[in-house]
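Asks: Take a look at this one; I'll ask things after.
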Amino acid sequence: MAFRHPLVLLPTYNEAENLRPLAEEILGLQPAFRLLIVDDASPDGTGAIAETLAAAHPGRVEALHRPAKEGLGRAYLAAFARALQGPADAVLQMDADFSHPPALLPKLLGALEGFDLALGSRYVPEGGIRDWGWFRRGLSRGANAYARRALRLPVRDLTSGLKAFRREVLEFLLAAPVDSLGYCFQIECTARALAAGFSCAEVPFTFTERRRGVSKMSGNLIWEAFWKTWRLGRTLRRGEAPEAVKGCARLPATAKNNR
């Protein structure tokens, strides 16, 4: 099937330097792409830039303003709820700092032709990371290895924030809301979707360190990801969540799969 109403979600906090060029690049990829910017009261003027973009692209860009910074998970849940109020049949998400290449969005959308959920993956063949030192590489690989083991899932990049969902996956996730605040939100969304029987594909990409601005990663977010992943794994093993896991296919960047 072809998706007629793909919507790209961009959560922002202090991304004034990145937002305008990123939005323009996304809108230039496909005429069908629409953009929802969710700003958590950024003090650097990101919200005002979002409004300017919405005025410049009526019908294609919307700005959703939240009163305070409450964590990545809360921002995405608000974005999911707003997306489902409209006609979106596919919803894509990415970071607003250019660490996720906008050019991968059409490939993720194409992967939804055969799967319910598509992940941009750094840890499959053809994927990778640029501009990270040994500590951050080790932390990321270790977090993914831990999450795979705790959750007993085959996904190589469970912490990826570059994703595409069919509408029905978001409807499921909002029916029993994910409660993680930080980066564990990415793990929990993927794990709950797979546990419910939705299918998944990993599409390789190369992650690049942000061009401008400051990372929002903190020790508290790392700790939250550790213990909540362990708790979620225990929940799944006890059968407190839907039972079937279809697994995750690994796609080369040029592959096409039929549902």
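Simple scheme: letters A, B, ... for chains in structure tokens order, numbers from 1 for residues in each chain, numbers from 1 for ligands in the order shown.
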What lies within 6 Å of Ala118 of chain A using only C-alpha atoms, ignoring chain neighbours under 3 positions off, as a PyMOL selection string?
Replies: chain A and resi 108+163-164+200-202
Asks: Check the DSSP output for the backbone and give back, as a PyMOL selection string, the residues of segment 11-255 of chain A in alpha helix (DSSP H).
Replies: chain A and resi 16-27+46-56+72-85+105-111+134-151+167-175+184-195+219-237
Asks: Any idea what's packed within 10 Å of Phe33 of chain A, counting only C-alpha atoms, ignoring anything in its chain fewer than 5 positions away? Could you give it as a list in words?
Replies: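 Counting only C-alpha atoms, the residues come to Arg4, His5, Pro6, Leu7, Val8, Ile26, Leu27, Gly28, Arg60, Val61, Val91, Leu92, Leu105 and Pro106 of chain A.
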Asks: Write the selection just made, keeping all heavy atoms, as a JSON list (two decimals), in the first residue's frame?
Replies:
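As written to disk, again.json reads:
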```json
[["chain", "number", "residue", "atom", "x", "y", "z"],
["A", 4, "ARG", "N", -0.70, 7.77, 2.12],
["A", 4, "ARG", "CA", -1.11, 9.07, 1.57],
["A", 4, "ARG", "C", -0.87, 10.22, 2.54],
["A", 4, "ARG", "O", -0.80, 11.38, 2.12],
["A", 4, "ARG", "CB", -2.59, 9.01, 1.19],
["A", 4, "ARG", "CG", -2.92, 7.97, 0.12],
["A", 4, "ARG", "CD", -4.40, 7.97, -0.20],
["A", 4, "ARG", "NE", -4.84, 9.28, -0.68],
["A", 4, "ARG", "CZ", -6.12, 9.61, -0.85],
["A", 4, "ARG", "NH1", -7.08, 8.72, -0.56],
["A", 4, "ARG", "NH2", -6.44, 10.81, -1.31],
["A", 5, "HIS", "N", -0.76, 9.91, 3.85],
["A", 5, "HIS", "CA", -0.68, 10.98, 4.84],
["A", 5, "HIS", "C", 0.45, 10.71, 5.84],
["A", 5, "HIS", "O", 0.19, 10.56, 7.05],
["A", 5, "HIS", "CB", -2.02, 11.12, 5.58],
["A", 5, "HIS", "CG", -3.18, 11.40, 4.69],
["A", 5, "HIS", "ND1", -3.37, 12.62, 4.07],
["A", 5, "HIS", "CD2", -4.20, 10.60, 4.29],
["A", 5, "HIS", "CE1", -4.47, 12.57, 3.34],
["A", 5, "HIS", "NE2", -4.99, 11.36, 3.45],
["A", 6, "PRO", "N", 1.70, 10.65, 5.39],
["A", 6, "PRO", "CA", 2.80, 10.45, 6.33],
["A", 6, "PRO", "C", 3.09, 11.72, 7.12],
["A", 6, "PRO", "O", 3.14, 12.82, 6.58],
["A", 6, "PRO", "CB", 3.98, 10.09, 5.41],
["A", 6, "PRO", "CG", 3.65, 10.75, 4.11],
["A", 6, "PRO", "CD", 2.16, 10.74, 3.99],
["A", 7, "LEU", "N", 3.26, 11.55, 8.42],
["A", 7, "LEU", "CA", 3.51, 12.68, 9.32],
["A", 7, "LEU", "C", 4.82, 12.45, 10.05],
["A", 7, "LEU", "O", 5.04, 11.38, 10.63],
["A", 7, "LEU", "CB", 2.37, 12.79, 10.34],
["A", 7, "LEU", "CG", 2.51, 13.88, 11.41],
["A", 7, "LEU", "CD1", 2.49, 15.27, 10.79],
["A", 7, "LEU", "CD2", 1.41, 13.73, 12.46],
["A", 8, "VAL", "N", 5.70, 13.44, 10.03],
["A", 8, "VAL", "CA", 7.00, 13.37, 10.70],
["A", 8, "VAL", "C", 6.92, 14.15, 12.01],
["A", 8, "VAL", "O", 6.52, 15.33, 12.00],
["A", 8, "VAL", "CB", 8.13, 13.93, 9.82],
["A", 8, "VAL", "CG1", 9.47, 13.82, 10.54],
["A", 8, "VAL", "CG2", 8.18, 13.19, 8.49],
["A", 26, "ILE", "N", 13.32, 18.14, 5.34],
["A", 26, "ILE", "CA", 12.29, 17.11, 5.42],
["A", 26, "ILE", "C", 11.15, 17.41, 4.45],
["A", 26, "ILE", "O", 10.70, 16.53, 3.70],
["A", 26, "ILE", "CB", 11.75, 17.00, 6.86],
["A", 26, "ILE", "CG1", 12.82, 16.45, 7.80],
["A", 26, "ILE", "CG2", 10.51, 16.10, 6.91],
["A", 26, "ILE", "CD1", 12.46, 16.53, 9.26],
["A", 27, "LEU", "N", 10.69, 18.63, 4.43],
["A", 27, "LEU", "CA", 9.57, 18.99, 3.54],
["A", 27, "LEU", "C", 9.95, 18.85, 2.08],
["A", 27, "LEU", "O", 9.08, 18.61, 1.23],
["A", 27, "LEU", "CB", 9.12, 20.42, 3.84],
["A", 27, "LEU", "CG", 8.52, 20.67, 5.23],
["A", 27, "LEU", "CD1", 8.26, 22.14, 5.44],
["A", 27, "LEU", "CD2", 7.24, 19.85, 5.43],
["A", 28, "GLY", "N", 11.22, 18.98, 1.76],
["A", 28, "GLY", "CA", 11.66, 18.83, 0.38],
["A", 28, "GLY", "C", 11.80, 17.40, -0.09],
["A", 28, "GLY", "O", 11.98, 17.15, -1.28],
["A", 60, "ARG", "N", 1.14, 21.99, 6.05],
["A", 60, "ARG", "CA", 2.23, 21.02, 6.05],
["A", 60, "ARG", "C", 3.01, 21.01, 7.35],
["A", 60, "ARG", "O", 3.62, 20.00, 7.70],
["A", 60, "ARG", "CB", 3.19, 21.26, 4.89],
["A", 60, "ARG", "CG", 2.59, 21.06, 3.51],
["A", 60, "ARG", "CD", 3.68, 20.94, 2.46],
["A", 60, "ARG", "NE", 4.42, 19.70, 2.60],
["A", 60, "ARG", "CZ", 5.59, 19.46, 2.00],
["A", 60, "ARG", "NH1", 6.14, 20.40, 1.24],
["A", 60, "ARG", "NH2", 6.21, 18.30, 2.16],
["A", 61, "VAL", "N", 3.01, 22.11, 8.08],
["A", 61, "VAL", "CA", 3.75, 22.21, 9.33],
["A", 61, "VAL", "C", 2.80, 22.66, 10.43],
["A", 61, "VAL", "O", 2.03, 23.61, 10.25],
["A", 61, "VAL", "CB", 4.93, 23.18, 9.24],
["A", 61, "VAL", "CG1", 5.65, 23.30, 10.59],
["A", 61, "VAL", "CG2", 5.92, 22.74, 8.16],
["A", 91, "VAL", "N", 3.35, 7.35, 10.72],
["A", 91, "VAL", "CA", 3.96, 8.38, 11.56],
["A", 91, "VAL", "C", 5.44, 8.06, 11.73],
["A", 91, "VAL", "O", 5.80, 6.93, 12.11],
["A", 91, "VAL", "CB", 3.27, 8.47, 12.93],
["A", 91, "VAL", "CG1", 3.98, 9.47, 13.83],
["A", 91, "VAL", "CG2", 1.81, 8.86, 12.75],
["A", 92, "LEU", "N", 6.28, 9.03, 11.42],
["A", 92, "LEU", "CA", 7.72, 8.87, 11.53],
["A", 92, "LEU", "C", 8.24, 9.80, 12.62],
["A", 92, "LEU", "O", 7.68, 10.86, 12.85],
["A", 92, "LEU", "CB", 8.41, 9.18, 10.20],
["A", 92, "LEU", "CG", 7.92, 8.38, 8.99],
["A", 92, "LEU", "CD1", 6.82, 9.15, 8.23],
["A", 92, "LEU", "CD2", 9.07, 8.06, 8.04],
["A", 105, "LEU", "N", 14.16, 8.90, 5.82],
["A", 105, "LEU", "CA", 12.71, 8.86, 6.07],
["A", 105, "LEU", "C", 11.94, 8.15, 4.96],
["A", 105, "LEU", "O", 11.07, 7.31, 5.25],
["A", 105, "LEU", "CB", 12.17, 10.27, 6.29],
["A", 105, "LEU", "CG", 12.68, 10.99, 7.55],
["A", 105, "LEU", "CD1", 12.13, 12.41, 7.60],
["A", 105, "LEU", "CD2", 12.28, 10.23, 8.81],
["A", 106, "PRO", "N", 12.20, 8.44, 3.67],
["A", 106, "PRO", "CA", 11.48, 7.68, 2.62],
["A", 106, "PRO", "C", 11.75, 6.18, 2.67],
["A", 106, "PRO", "O", 10.86, 5.38, 2.36],
["A", 106, "PRO", "CB", 11.99, 8.31, 1.33],
["A", 106, "PRO", "CG", 12.41, 9.68, 1.71],
["A", 106, "PRO", "CD", 13.00, 9.53, 3.09]]
```
Asks: What is the distance, in Å and to one decimal place, between atom CA of Leu119 of chain A and atom CA of Pro87 of chain A?
Replies: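 So the two atoms, atom CA of Leu119 of chain A and atom CA of Pro87 of chain A, lie 22.1 Å apart.
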Asks: Distance atom CA of Glu113 of chain A-atom CA of Arg166 of chain A, one decimal place?
Replies: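 Atom CA of Glu113 of chain A sits 9.3 Å away from atom CA of Arg166 of chain A.
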Asks: Could you find all residues in segment 20-246 of chain A that DSSP calls strand (DSSP E or B) from the backbone, and write them as a ChimeraX atom specification?
Replies: /A:34-39,61-65,90-93,117-121,128-130,163-166,200-204,206-208
Asks: Determine, for each residue of segment 78-126 of chain A having at least one atom at most 12 Å from an atom of segment 141-147 of chain A, the closest pair of atoms and their separation in Å to one decimal, counting only C-alpha atoms; order by chain and ascending number, as a Markdown table.
Replies:
```
| residue | atom | partner | partner_atom | distance |
| --- | --- | --- | --- | --- |
| A:Ser121 | CA | A:Asn144 | CA | 11.2 |
| A:Arg122 | CA | A:Arg141 | CA | 9.7 |
| A:Tyr123 | CA | A:Arg141 | CA | 8.4 |
| A:Val124 | CA | A:Arg141 | CA | 11.9 |
```
Asks: Here is a test: counting only C-alpha atoms, which residue of A:Tyr13, A:Val178, A:Ser160, A:Ala75 is nearest to His100 of chain A?
Replies: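 Closest to His100 of chain A of all the choices is A:Ser160.
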Asks: For Leu173 of chain A, find every residue with an atom within 8 Å (counting only C-alpha atoms), except residues of its own chain fewer than 5 positions away, and show them as a PyMOL selection string.
Replies: chain A and resi 178+189+192-193
Asks: Those residues you just picked out, can you put them in a file as a short mmCIF file (atom, residue, chain, number, x, y, z; two decimals), in the first residue's frame with all heavy atoms?
Replies:
```cif
data_model
loop_
_atom_site.label_atom_id
_atom_site.label_comp_id
_atom_site.auth_asym_id
_atom_site.auth_seq_id
_atom_site.Cartn_x
_atom_site.Cartn_y
_atom_site.Cartn_z
N VAL A 178 2.86 4.14 27.39
CA VAL A 178 4.24 3.93 27.81
C VAL A 178 4.56 4.93 28.90
O VAL A 178 4.17 6.10 28.81
CB VAL A 178 5.19 4.12 26.61
CG1 VAL A 178 6.63 3.97 27.01
CG2 VAL A 178 4.82 3.15 25.50
N CYS A 189 8.64 1.39 23.66
CA CYS A 189 7.72 1.39 22.52
C CYS A 189 7.95 0.19 21.62
O CYS A 189 7.01 -0.51 21.22
CB CYS A 189 7.88 2.67 21.71
SG CYS A 189 7.08 4.11 22.42
N ARG A 192 7.00 -3.21 23.47
CA ARG A 192 5.57 -3.42 23.61
C ARG A 192 4.91 -3.74 22.26
O ARG A 192 4.01 -4.58 22.18
CB ARG A 192 4.91 -2.19 24.25
CG ARG A 192 5.23 -2.04 25.73
CD ARG A 192 4.38 -0.95 26.37
NE ARG A 192 4.69 -0.78 27.77
CZ ARG A 192 4.21 -1.54 28.75
NH1 ARG A 192 3.39 -2.54 28.46
NH2 ARG A 192 4.53 -1.31 30.00
N ALA A 193 5.38 -3.07 21.21
CA ALA A 193 4.82 -3.35 19.89
C ALA A 193 5.12 -4.78 19.45
O ALA A 193 4.25 -5.49 18.95
CB ALA A 193 5.36 -2.35 18.87
#
```
Asks: Near Met94 of chain A, counting only C-alpha atoms, which residues have an atom at most 9 Å away, once you skip same-chain residues fewer than 3 positions from it, shown as a list of chain:residue names?
Replies: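 Near Met94 of chain A, the qualifying residues are A:Val8, A:Leu9, A:Leu10, A:Pro11, A:Asp97, A:Phe98, A:Ser99, A:His100, A:Pro101, A:Pro102, A:Leu105, A:Gly161, A:Leu162, A:Lys163.
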